[in-house]
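*Asks:* Before I ask anything, here is the structure I am working with.
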Amino acid sequence: MNPFQITRLPVLHFGVGGISQLPQLLQDRSLKTIALILGGKSFKQSKAYDRLIEGLKKVHIRYKEFSIVGEPSPDAVDAIVETLKREAFPPDGVVAIGGGSVIDTGKAVSALYTMEGSVQDYLEGVGTRKPLGTRLPLIAVPTTAGTGAEATKNAVISRVGPKGFKKSLRHDNYVPDVALLDPELTISCPPEVTAASGLDAITQLLEAYTCTRANPFTDGLALKALELAGKGFLIAYRDGNNLEARSQMAYAAYISGVCLAQAGLGVVHGIASPMGGLFPLSHGVVCGTLVVSATRFTVSRAMRIDDPSEDSVLKRYARAGMALSGKDAGSDNGNAALLIKTLERFSTETNMPSLRTLGLTESDLSMIASKTEAKYHPIPLTVQDIEIILKDRY
Ligand SMILES: [Fe+2]
C-alpha cells in the first residue's frame, strides 16, 4: 500500500430541510456577524431564503449579503473583501450558499480577509505569495450537486481571455468547517445544470478512484458514491423533484469533493483547467463532454497492459463500471466496457455538446492539449494522446 495522507474534512450535516438548522449552527459557533455569499437569483427567490433571513434575525445574527454570478475573478473576490474590511461590524464568519463558484468565492473571501494584497498574489502558478492558511470560519451550503467544493481545500479563481487563467488558491486549512447538505435546495436546479454538475461529480469520483494517488480511504467512499450517482443521475435529470435522486446526487457530489481533495484527479480535469481559462465554458459541461472519450482512451490502453495484480488500472475501471452501472458483466473487460456504455448513456441522454458545438476550433484543441497537465492520471499521456481524446469529442 502506498503512503497517503488524509487532511481535514468538514463537519457534515446531511438531510432534507437541513437549511433550517443554519441559524442555530452559527449561534452554536458564537458567530454574530457573517458575510453571506449567494449566487444569482434562484436561492434568493426561494422560501428557504426568506426563512433563513427570518431565522438569522431571530437569533440576532447580522449579515452582509453579496451576490456572485459565474466563476469568481480575482477582482470580484478583492472587491468583497475590501467592502467587508470597511464594515462597521466586521464579519466573524462566512456562509456561502450556492453552486461551486459561490462556495469557492466564500473560501477565497474567508482566507483573503485575513491576508494582505489581492487574491491573485496567492494563486498557484500566478502569484508569488504563499497562502498563510488562516481564514474566517466558513460554512458551505451547496445548491447544486456537482463540484463538491464544500469538501475541497481549493478555491478556483478565473480570469477568462487570451491571457486567461483558471488557478487555485489552495491550503489544507481552506476545507470548510461545516458542509450543510440539504438536497431540497438542489430541486430548483434546472435539468441542464443538474446534468453538467452531476457529470462533474461522477468524473471526479472516477478520476479520484483511478488516479495514481488513490488510497484505501477514498476508494471505499468513491465506489459507494459512484453506485449512488449511477442510481440517481438520470432520475434527478428527468424529474428534478425526486428527492431520493437529489439526495443520492448531493451525497455523491460531496464525496467527489472529499476524494479529489484527498486523492487527486485525472486527465479530464487536466484538460478542463486550461480549457476553462481560455474559453468561457461551464466546468461541468467540459467534464461531462470529455469523460466518455477520456475513459474510452484510457481503458483501451489499460486493456493492453499486462498487470495481473488486484489493483491494475483495468481492474479499477472495471470496479468503477460495476458501481456506476449497478451490473456485473462477469469480466474486467466487460465491466470496463459497462463503464464506458453507462457514461455514454448519461452524456447522450443529457445532450452534452461536442467541442465543436461549444465553439472550439481544431487548432484550439492542439493548444489546449499542449497546456494540459495530468500528472496523476493512471496511465502516462503524451500531448498527442490528449489531442486524440479531444478530437474524439470534436
Ligand atoms: Fe470538477
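By order in the C-alpha cells, chains are A, B, ...; within a chain, residues start at 1; ligands start at 1, following the order shown.
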Taking only C-alpha atoms and all ligand atoms and a cut-off of 7 Å, can you tell me which residues surround ligand 1, written as a list in words?
*Replies:*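 These are the residues that qualify: Thr147, Asp200, Ala201, Gln204, His269, His283, Gly284 and Cys287 of chain A.
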*Asks:* What lies within 6 Å of Leu324 of chain A using only C-alpha atoms, ignoring chain neighbours under 3 positions off, as a list in words?
*Replies:*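 These residues fall inside the cut-off: Leu226, Glu227, Gly230 and Gly321 of chain A.
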*Asks:* Check the smallest atom-to-atom distance from each of A:Thr348, A:Gln262, A:Asn154, A:Ser73 to Ser118 of chain A using only C-alpha atoms, then report the winner.
*Replies:* A:Ser73
*Asks:* Which residues come within 10 Å of Ile386 of chain A, counting only C-alpha atoms, excluding same-chain residues fewer than 6 positions away, as a ChimeraX atom specification?
*Replies:* /A:267-268,270-271,294,297,365-366,368-370,372-374,392
*Asks:* Could you please take those selected residues and save N, CA and C atoms as a PDB file, in the first residue's frame?
*Replies:*
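Result went into result-v5.pdb, see below:
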ATOM      1  N   VAL A 267      -7.052  13.130 -16.299  1.00  0.00           N
ATOM      2  CA  VAL A 267      -6.842  13.985 -17.475  1.00  0.00           C
ATOM      3  C   VAL A 267      -8.037  14.883 -17.799  1.00  0.00           C
ATOM      4  N   VAL A 268      -9.258  14.454 -17.452  1.00  0.00           N
ATOM      5  CA  VAL A 268     -10.407  15.314 -17.786  1.00  0.00           C
ATOM      6  C   VAL A 268     -10.264  16.654 -17.064  1.00  0.00           C
ATOM      7  N   GLY A 270      -7.456  17.738 -15.955  1.00  0.00           N
ATOM      8  CA  GLY A 270      -6.233  18.331 -16.501  1.00  0.00           C
ATOM      9  C   GLY A 270      -6.538  19.186 -17.720  1.00  0.00           C
ATOM     10  N   ILE A 271      -7.466  18.707 -18.554  1.00  0.00           N
ATOM     11  CA  ILE A 271      -7.875  19.467 -19.745  1.00  0.00           C
ATOM     12  C   ILE A 271      -8.777  20.637 -19.349  1.00  0.00           C
ATOM     13  N   ALA A 294     -12.221  10.342 -22.747  1.00  0.00           N
ATOM     14  CA  ALA A 294     -11.031  10.109 -21.918  1.00  0.00           C
ATOM     15  C   ALA A 294     -11.058   8.698 -21.330  1.00  0.00           C
ATOM     16  N   PHE A 297     -10.403   6.072 -24.119  1.00  0.00           N
ATOM     17  CA  PHE A 297      -8.982   6.037 -24.482  1.00  0.00           C
ATOM     18  C   PHE A 297      -8.167   5.306 -23.407  1.00  0.00           C
ATOM     19  N   LEU A 365      -7.787  22.928 -30.036  1.00  0.00           N
ATOM     20  CA  LEU A 365      -7.582  21.635 -29.361  1.00  0.00           C
ATOM     21  C   LEU A 365      -6.086  21.374 -29.154  1.00  0.00           C
ATOM     22  N   SER A 366      -5.271  21.677 -30.179  1.00  0.00           N
ATOM     23  CA  SER A 366      -3.823  21.442 -30.048  1.00  0.00           C
ATOM     24  C   SER A 366      -3.246  22.329 -28.948  1.00  0.00           C
ATOM     25  N   ILE A 368      -4.838  23.556 -26.351  1.00  0.00           N
ATOM     26  CA  ILE A 368      -5.298  23.065 -25.036  1.00  0.00           C
ATOM     27  C   ILE A 368      -4.490  21.825 -24.634  1.00  0.00           C
ATOM     28  N   ALA A 369      -4.279  20.919 -25.618  1.00  0.00           N
ATOM     29  CA  ALA A 369      -3.528  19.687 -25.314  1.00  0.00           C
ATOM     30  C   ALA A 369      -2.126  20.020 -24.816  1.00  0.00           C
ATOM     31  N   SER A 370      -1.510  21.039 -25.428  1.00  0.00           N
ATOM     32  CA  SER A 370      -0.126  21.377 -25.039  1.00  0.00           C
ATOM     33  C   SER A 370      -0.073  21.989 -23.633  1.00  0.00           C
ATOM     34  N   THR A 372      -2.130  21.004 -21.144  1.00  0.00           N
ATOM     35  CA  THR A 372      -2.775  20.095 -20.189  1.00  0.00           C
ATOM     36  C   THR A 372      -1.751  19.369 -19.316  1.00  0.00           C
ATOM     37  N   GLU A 373      -2.046  19.353 -18.033  1.00  0.00           N
ATOM     38  CA  GLU A 373      -1.226  18.560 -17.099  1.00  0.00           C
ATOM     39  C   GLU A 373      -2.106  17.466 -16.529  1.00  0.00           C
ATOM     40  N   ALA A 374      -1.615  16.243 -16.535  1.00  0.00           N
ATOM     41  CA  ALA A 374      -2.421  15.153 -15.979  1.00  0.00           C
ATOM     42  C   ALA A 374      -1.494  14.220 -15.203  1.00  0.00           C
ATOM     43  N   ASP A 392     -11.745  13.107 -30.393  1.00  0.00           N
ATOM     44  CA  ASP A 392     -12.828  12.125 -30.289  1.00  0.00           C
ATOM     45  C   ASP A 392     -14.141  12.809 -29.906  1.00  0.00           C
TER      46      ASP A 392
END
*Asks:* Please provide the set of residues having any atom within 10 Å of segment 156-169 of chain A, restricted to only C-alpha atoms, with same-chain residues fewer than 4 positions apart removed, written as an MDAnalysis selection string.
*Replies:* chainID A and resid 70:77 100:101 103:105 107:108 111:112 119:127 130:131 149 174 272:281
*Asks:* Output N, CA and C atoms for every residue in that selection, as a compact mmCIF listing (two decimals), in the first residue's frame.
*Replies:*
# COMPACT_ATOMS: atom_id res chain seq x y z
N GLY A 70 -21.45 33.53 -12.01
CA GLY A 70 -20.34 32.97 -12.79
C GLY A 70 -19.15 32.68 -11.89
N GLU A 71 -18.06 32.25 -12.53
CA GLU A 71 -16.88 31.86 -11.74
C GLU A 71 -16.18 33.10 -11.20
N PRO A 72 -15.68 33.05 -9.96
CA PRO A 72 -15.11 34.26 -9.38
C PRO A 72 -13.81 34.69 -10.05
N SER A 73 -13.70 35.97 -10.30
CA SER A 73 -12.45 36.55 -10.80
C SER A 73 -11.70 37.09 -9.59
N PRO A 74 -10.40 37.36 -9.73
CA PRO A 74 -9.67 37.96 -8.61
C PRO A 74 -10.32 39.28 -8.19
N ASP A 75 -10.78 40.08 -9.17
CA ASP A 75 -11.37 41.38 -8.85
C ASP A 75 -12.62 41.22 -7.99
N ALA A 76 -13.44 40.22 -8.32
CA ALA A 76 -14.69 40.02 -7.56
C ALA A 76 -14.37 39.69 -6.10
N VAL A 77 -13.39 38.82 -5.89
CA VAL A 77 -13.02 38.42 -4.52
C VAL A 77 -12.44 39.62 -3.77
N GLY A 100 -20.74 25.69 -7.00
CA GLY A 100 -19.31 25.62 -6.72
C GLY A 100 -18.62 26.98 -6.75
N SER A 101 -19.03 27.84 -7.68
CA SER A 101 -18.39 29.15 -7.79
C SER A 101 -18.65 30.00 -6.56
N ILE A 103 -19.33 28.86 -3.51
CA ILE A 103 -18.60 28.28 -2.37
C ILE A 103 -17.10 28.61 -2.49
N ASP A 104 -16.58 28.56 -3.71
CA ASP A 104 -15.18 28.94 -3.90
C ASP A 104 -14.97 30.41 -3.56
N THR A 105 -15.93 31.25 -3.91
CA THR A 105 -15.82 32.67 -3.54
C THR A 105 -15.78 32.80 -2.02
N LYS A 107 -14.77 30.63 0.12
CA LYS A 107 -13.47 30.14 0.59
C LYS A 107 -12.41 31.22 0.43
N ALA A 108 -12.37 31.82 -0.77
CA ALA A 108 -11.35 32.83 -1.06
C ALA A 108 -11.55 34.06 -0.18
N ALA A 111 -10.45 33.48 3.40
CA ALA A 111 -8.98 33.44 3.53
C ALA A 111 -8.37 34.83 3.33
N LEU A 112 -8.78 35.50 2.25
CA LEU A 112 -8.15 36.79 1.92
C LEU A 112 -8.43 37.84 3.00
N VAL A 119 -6.12 38.56 -4.06
CA VAL A 119 -6.16 37.08 -4.07
C VAL A 119 -5.23 36.53 -5.16
N GLN A 120 -5.06 37.32 -6.22
CA GLN A 120 -4.20 36.88 -7.33
C GLN A 120 -2.75 36.63 -6.87
N ASP A 121 -2.31 37.40 -5.87
CA ASP A 121 -0.94 37.23 -5.35
C ASP A 121 -0.70 35.82 -4.80
N TYR A 122 -1.79 35.14 -4.42
CA TYR A 122 -1.67 33.85 -3.71
C TYR A 122 -2.06 32.65 -4.58
N LEU A 123 -2.39 32.92 -5.87
CA LEU A 123 -2.86 31.82 -6.72
C LEU A 123 -1.69 30.98 -7.21
N GLU A 124 -1.89 29.67 -7.20
CA GLU A 124 -0.86 28.75 -7.71
C GLU A 124 -0.53 29.07 -9.17
N GLY A 125 0.73 29.18 -9.45
CA GLY A 125 1.17 29.39 -10.83
C GLY A 125 0.95 30.81 -11.34
N VAL A 126 0.41 31.68 -10.51
CA VAL A 126 0.14 33.06 -10.93
C VAL A 126 0.82 34.03 -9.97
N GLY A 127 0.55 33.88 -8.68
CA GLY A 127 1.07 34.81 -7.68
C GLY A 127 2.43 34.38 -7.15
N LYS A 130 2.71 32.86 -0.68
CA LYS A 130 2.13 31.58 -0.24
C LYS A 130 0.96 31.86 0.70
N PRO A 131 -0.18 31.19 0.49
CA PRO A 131 -1.29 31.40 1.42
C PRO A 131 -0.88 31.01 2.84
N ALA A 149 -17.28 21.39 -3.94
CA ALA A 149 -16.43 22.46 -3.39
C ALA A 149 -16.58 22.57 -1.87
N TYR A 174 -8.22 25.37 4.07
CA TYR A 174 -9.35 26.02 3.40
C TYR A 174 -10.56 25.10 3.24
N ALA A 272 -9.67 20.39 -18.40
CA ALA A 272 -10.67 21.40 -18.01
C ALA A 272 -10.01 22.68 -17.51
N SER A 273 -8.83 22.55 -16.92
CA SER A 273 -8.18 23.72 -16.36
C SER A 273 -7.77 24.73 -17.45
N PRO A 274 -6.92 24.37 -18.43
CA PRO A 274 -6.61 25.36 -19.47
C PRO A 274 -7.82 25.70 -20.34
N MET A 275 -8.69 24.72 -20.60
CA MET A 275 -9.84 24.99 -21.47
C MET A 275 -10.75 26.04 -20.85
N GLY A 276 -10.97 25.90 -19.53
CA GLY A 276 -11.83 26.85 -18.83
C GLY A 276 -11.20 28.22 -18.67
N GLY A 277 -9.85 28.26 -18.67
CA GLY A 277 -9.18 29.55 -18.57
C GLY A 277 -9.21 30.31 -19.90
N LEU A 278 -9.14 29.55 -20.99
CA LEU A 278 -9.06 30.19 -22.31
C LEU A 278 -10.44 30.52 -22.88
N PHE A 279 -11.44 29.74 -22.51
CA PHE A 279 -12.78 29.93 -23.09
C PHE A 279 -13.82 29.95 -21.98
N PRO A 280 -14.84 30.79 -22.14
CA PRO A 280 -15.86 30.88 -21.08
C PRO A 280 -16.83 29.70 -21.12
N LEU A 281 -16.36 28.55 -20.73
CA LEU A 281 -17.19 27.34 -20.78
C LEU A 281 -17.50 26.86 -19.37
*Asks:* Can you pull out the residues contacting Glu244 of chain A? Cut-off 10 Å, using only C-alpha atoms, and skip same-chain residues under 2 positions away; I want them as number ranges by chain.
*Replies:* A: 16, 183-184, 231-232, 235-236, 241-242, 246-250
*Asks:* Could you pull out all residues of segment 143-274 of chain A with a DSSP call of helix (DSSP H, G or I) and give them as a PyMOL selection string?
*Replies:* chain A and resi 149-151+172-174+183-186+191-210+216-238+243-262+267-274
*Asks:* Name the residues in contact with Ile139 of chain A at a cut-off of 9 Å, using only C-alpha atoms, excluding same-chain residues fewer than 2 positions from it; report them as a ChimeraX atom specification.
*Replies:* /A:10,26,93-97,103,106,137,141,150,176-180
*Asks:* State, in Å with one decimal place, the distance from atom CA of Phe43 of chain A to atom CA of Arg8 of chain A.
*Replies:*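 Taking atom CA of Phe43 of chain A as the start and atom CA of Arg8 of chain A as the end point, the length is 28.5 Å.
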*Asks:* In Å, with one decimal, what is the gap from atom CA of Glu207 of chain A to atom CA of Arg393 of chain A?
*Replies:*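 Atom CA of Glu207 of chain A sits 18.4 Å away from atom CA of Arg393 of chain A.
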*Asks:* Taking the backbone alone, and naming residues the way the document does, which bits of segment 1-217 of chain A are strand (DSSP E or B) by DSSP, as a ChimeraX atom specification?
*Replies:* /A:11-14,33-38,62-67,93-98,138-142,154-159,165-170,178-181
*Asks:* Given the selection you just returned, output its residues as a file containing N, CA and C atoms, formatted as a compact mmCIF listing (two decimals), in the first residue's frame.
*Replies:*
# COMPACT_ATOMS: atom_id res chain seq x y z
N VAL A 11 -17.21 19.20 9.03
CA VAL A 11 -18.31 18.58 9.77
C VAL A 11 -19.47 18.51 8.79
N LEU A 12 -20.08 17.35 8.66
CA LEU A 12 -21.13 17.19 7.65
C LEU A 12 -22.51 17.13 8.30
N HIS A 13 -23.40 18.00 7.84
CA HIS A 13 -24.82 17.91 8.21
C HIS A 13 -25.55 17.54 6.94
N PHE A 14 -26.15 16.37 6.91
CA PHE A 14 -26.83 15.92 5.69
C PHE A 14 -28.30 15.66 5.99
N THR A 33 -21.69 38.07 13.27
CA THR A 33 -21.81 38.85 12.02
C THR A 33 -21.21 38.02 10.90
N ILE A 34 -22.02 37.77 9.89
CA ILE A 34 -21.50 36.91 8.81
C ILE A 34 -21.52 37.62 7.46
N ALA A 35 -20.57 37.24 6.62
CA ALA A 35 -20.64 37.60 5.20
C ALA A 35 -21.43 36.47 4.55
N LEU A 36 -22.54 36.83 3.91
CA LEU A 36 -23.41 35.83 3.29
C LEU A 36 -23.21 35.90 1.78
N ILE A 37 -22.54 34.90 1.24
CA ILE A 37 -22.22 34.91 -0.20
C ILE A 37 -23.26 34.04 -0.90
N LEU A 38 -23.97 34.64 -1.85
CA LEU A 38 -25.02 33.92 -2.56
C LEU A 38 -24.75 33.96 -4.06
N ARG A 62 -26.10 39.33 12.52
CA ARG A 62 -26.04 40.32 11.44
C ARG A 62 -25.47 39.66 10.19
N TYR A 63 -25.91 40.12 9.02
CA TYR A 63 -25.35 39.55 7.79
C TYR A 63 -25.17 40.63 6.74
N LYS A 64 -24.11 40.50 5.98
CA LYS A 64 -23.86 41.40 4.85
C LYS A 64 -23.87 40.51 3.62
N GLU A 65 -24.81 40.82 2.71
CA GLU A 65 -25.04 39.90 1.60
C GLU A 65 -24.27 40.30 0.34
N PHE A 66 -23.74 39.30 -0.36
CA PHE A 66 -23.06 39.52 -1.64
C PHE A 66 -23.58 38.50 -2.64
N SER A 67 -23.58 38.92 -3.90
CA SER A 67 -24.05 38.01 -4.94
C SER A 67 -22.94 37.81 -5.96
N GLY A 93 -17.41 35.41 10.43
CA GLY A 93 -17.58 34.15 9.72
C GLY A 93 -18.12 34.39 8.32
N VAL A 94 -18.00 33.36 7.48
CA VAL A 94 -18.51 33.44 6.10
C VAL A 94 -19.43 32.25 5.86
N VAL A 95 -20.60 32.54 5.28
CA VAL A 95 -21.52 31.48 4.88
C VAL A 95 -21.71 31.60 3.37
N ALA A 96 -21.43 30.54 2.64
CA ALA A 96 -21.59 30.55 1.18
C ALA A 96 -22.69 29.57 0.82
N ILE A 97 -23.73 30.08 0.16
CA ILE A 97 -24.86 29.23 -0.24
C ILE A 97 -25.01 29.34 -1.75
N GLY A 98 -24.69 28.28 -2.47
CA GLY A 98 -24.81 28.33 -3.92
C GLY A 98 -24.08 27.18 -4.59
N LEU A 138 -15.88 29.11 8.16
CA LEU A 138 -16.55 29.02 6.85
C LEU A 138 -17.57 27.88 6.83
N ILE A 139 -18.79 28.24 6.44
CA ILE A 139 -19.84 27.23 6.31
C ILE A 139 -20.30 27.21 4.86
N ALA A 140 -20.28 26.02 4.26
CA ALA A 140 -20.64 25.89 2.84
C ALA A 140 -21.96 25.14 2.71
N VAL A 141 -22.86 25.73 1.93
CA VAL A 141 -24.18 25.12 1.71
C VAL A 141 -24.40 25.02 0.20
N PRO A 142 -24.14 23.84 -0.40
CA PRO A 142 -24.29 23.74 -1.85
C PRO A 142 -25.75 23.70 -2.30
N ASN A 154 -9.42 23.91 -2.11
CA ASN A 154 -9.01 24.97 -3.03
C ASN A 154 -10.21 25.77 -3.51
N ALA A 155 -9.93 27.01 -3.86
CA ALA A 155 -10.93 27.87 -4.50
C ALA A 155 -10.41 28.16 -5.89
N VAL A 156 -11.23 27.85 -6.90
CA VAL A 156 -10.80 28.09 -8.29
C VAL A 156 -11.17 29.53 -8.66
N ILE A 157 -10.16 30.28 -9.06
CA ILE A 157 -10.36 31.68 -9.42
C ILE A 157 -9.96 31.82 -10.89
N SER A 158 -10.81 32.48 -11.68
CA SER A 158 -10.52 32.54 -13.12
C SER A 158 -10.48 33.96 -13.65
N ARG A 159 -9.63 34.11 -14.62
CA ARG A 159 -9.69 35.29 -15.48
C ARG A 159 -9.81 34.74 -16.88
N PHE A 165 -6.61 32.63 -17.07
CA PHE A 165 -6.16 31.50 -16.27
C PHE A 165 -7.31 31.01 -15.42
N LYS A 166 -7.12 29.81 -14.94
CA LYS A 166 -8.09 29.22 -14.03
C LYS A 166 -7.21 28.54 -13.00
N LYS A 167 -6.96 29.20 -11.89
CA LYS A 167 -5.97 28.69 -10.95
C LYS A 167 -6.55 28.64 -9.54
N SER A 168 -5.84 27.93 -8.67
CA SER A 168 -6.38 27.68 -7.33
C SER A 168 -5.68 28.47 -6.25
N LEU A 169 -6.49 28.90 -5.30
CA LEU A 169 -5.99 29.35 -4.01
C LEU A 169 -6.14 28.10 -3.14
N ARG A 170 -5.03 27.59 -2.63
CA ARG A 170 -5.12 26.27 -2.00
C ARG A 170 -4.36 26.21 -0.68
N VAL A 178 -17.82 23.54 8.05
CA VAL A 178 -19.08 22.79 8.01
C VAL A 178 -19.56 22.71 6.57
N ALA A 179 -20.02 21.53 6.18
CA ALA A 179 -20.74 21.39 4.91
C ALA A 179 -22.17 21.03 5.28
N LEU A 180 -23.09 21.90 4.93
CA LEU A 180 -24.51 21.63 5.23
C LEU A 180 -25.17 21.22 3.91
N LEU A 181 -25.53 19.95 3.83
CA LEU A 181 -26.11 19.43 2.59
C LEU A 181 -27.60 19.21 2.77
*Asks:* Which value, in Å to one decimal, gives the distance between atom CA of Ser42 of chain A and atom CA of Val193 of chain A?
*Replies:*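 That distance, rounded to one decimal, is 12.5 Å.
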*Asks:* Using only C-alpha atoms, which residue out of A:Gly257, A:Gly334, A:Gly15, A:Gly288 lies closest to Pro353 of chain A?
*Replies:*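 Selected residue with least distance to Pro353 of chain A: A:Gly288.
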*Asks:* Of the candidates A:Gly198, A:Met115, A:Val258, A:Glu87, which one gets nearest to Gly220 of chain A if we count only C-alpha atoms?
*Replies:*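 Comparing A:Gly198, A:Met115, A:Val258, A:Glu87 against Gly220 of chain A, the winner is A:Val258.
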*Asks:* Which residues come within 7 Å of segment 57-61 of chain A, counting only C-alpha atoms, excluding same-chain residues fewer than 2 positions away, as a list in words?
*Replies:*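 Listing them by chain and then by number gives Pro23, Lys32, Thr33, Ile53, Glu54, Gly55 and Tyr63 of chain A.
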*Asks:* Store the residues picked out above, limited to N, CA and C atoms, as an mmCIF file, in the first residue's frame.
*Replies:*
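Okay, this is what ended up in again24.cif:
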data_model
loop_
_atom_site.group_PDB
_atom_site.id
_atom_site.type_symbol
_atom_site.label_atom_id
_atom_site.label_comp_id
_atom_site.auth_asym_id
_atom_site.auth_seq_id
_atom_site.Cartn_x
_atom_site.Cartn_y
_atom_site.Cartn_z
ATOM 1 N N PRO A 23 -29.166 28.959 11.248
ATOM 2 C CA PRO A 23 -29.006 30.000 12.273
ATOM 3 C C PRO A 23 -28.513 29.439 13.614
ATOM 4 N N LYS A 32 -21.517 36.101 15.188
ATOM 5 C CA LYS A 32 -22.505 37.174 15.380
ATOM 6 C C LYS A 32 -22.727 38.011 14.117
ATOM 7 N N THR A 33 -21.693 38.069 13.268
ATOM 8 C CA THR A 33 -21.808 38.850 12.024
ATOM 9 C C THR A 33 -21.213 38.020 10.897
ATOM 10 N N ILE A 53 -33.381 34.206 6.427
ATOM 11 C CA ILE A 53 -33.217 35.595 6.882
ATOM 12 C C ILE A 53 -34.012 35.800 8.177
ATOM 13 N N GLU A 54 -35.214 35.257 8.192
ATOM 14 C CA GLU A 54 -36.051 35.315 9.402
ATOM 15 C C GLU A 54 -35.328 34.662 10.582
ATOM 16 N N GLY A 55 -34.755 33.508 10.312
ATOM 17 C CA GLY A 55 -34.035 32.758 11.354
ATOM 18 C C GLY A 55 -32.821 33.514 11.870
ATOM 19 N N TYR A 63 -25.911 40.119 9.020
ATOM 20 C CA TYR A 63 -25.347 39.546 7.787
ATOM 21 C C TYR A 63 -25.165 40.632 6.742
#
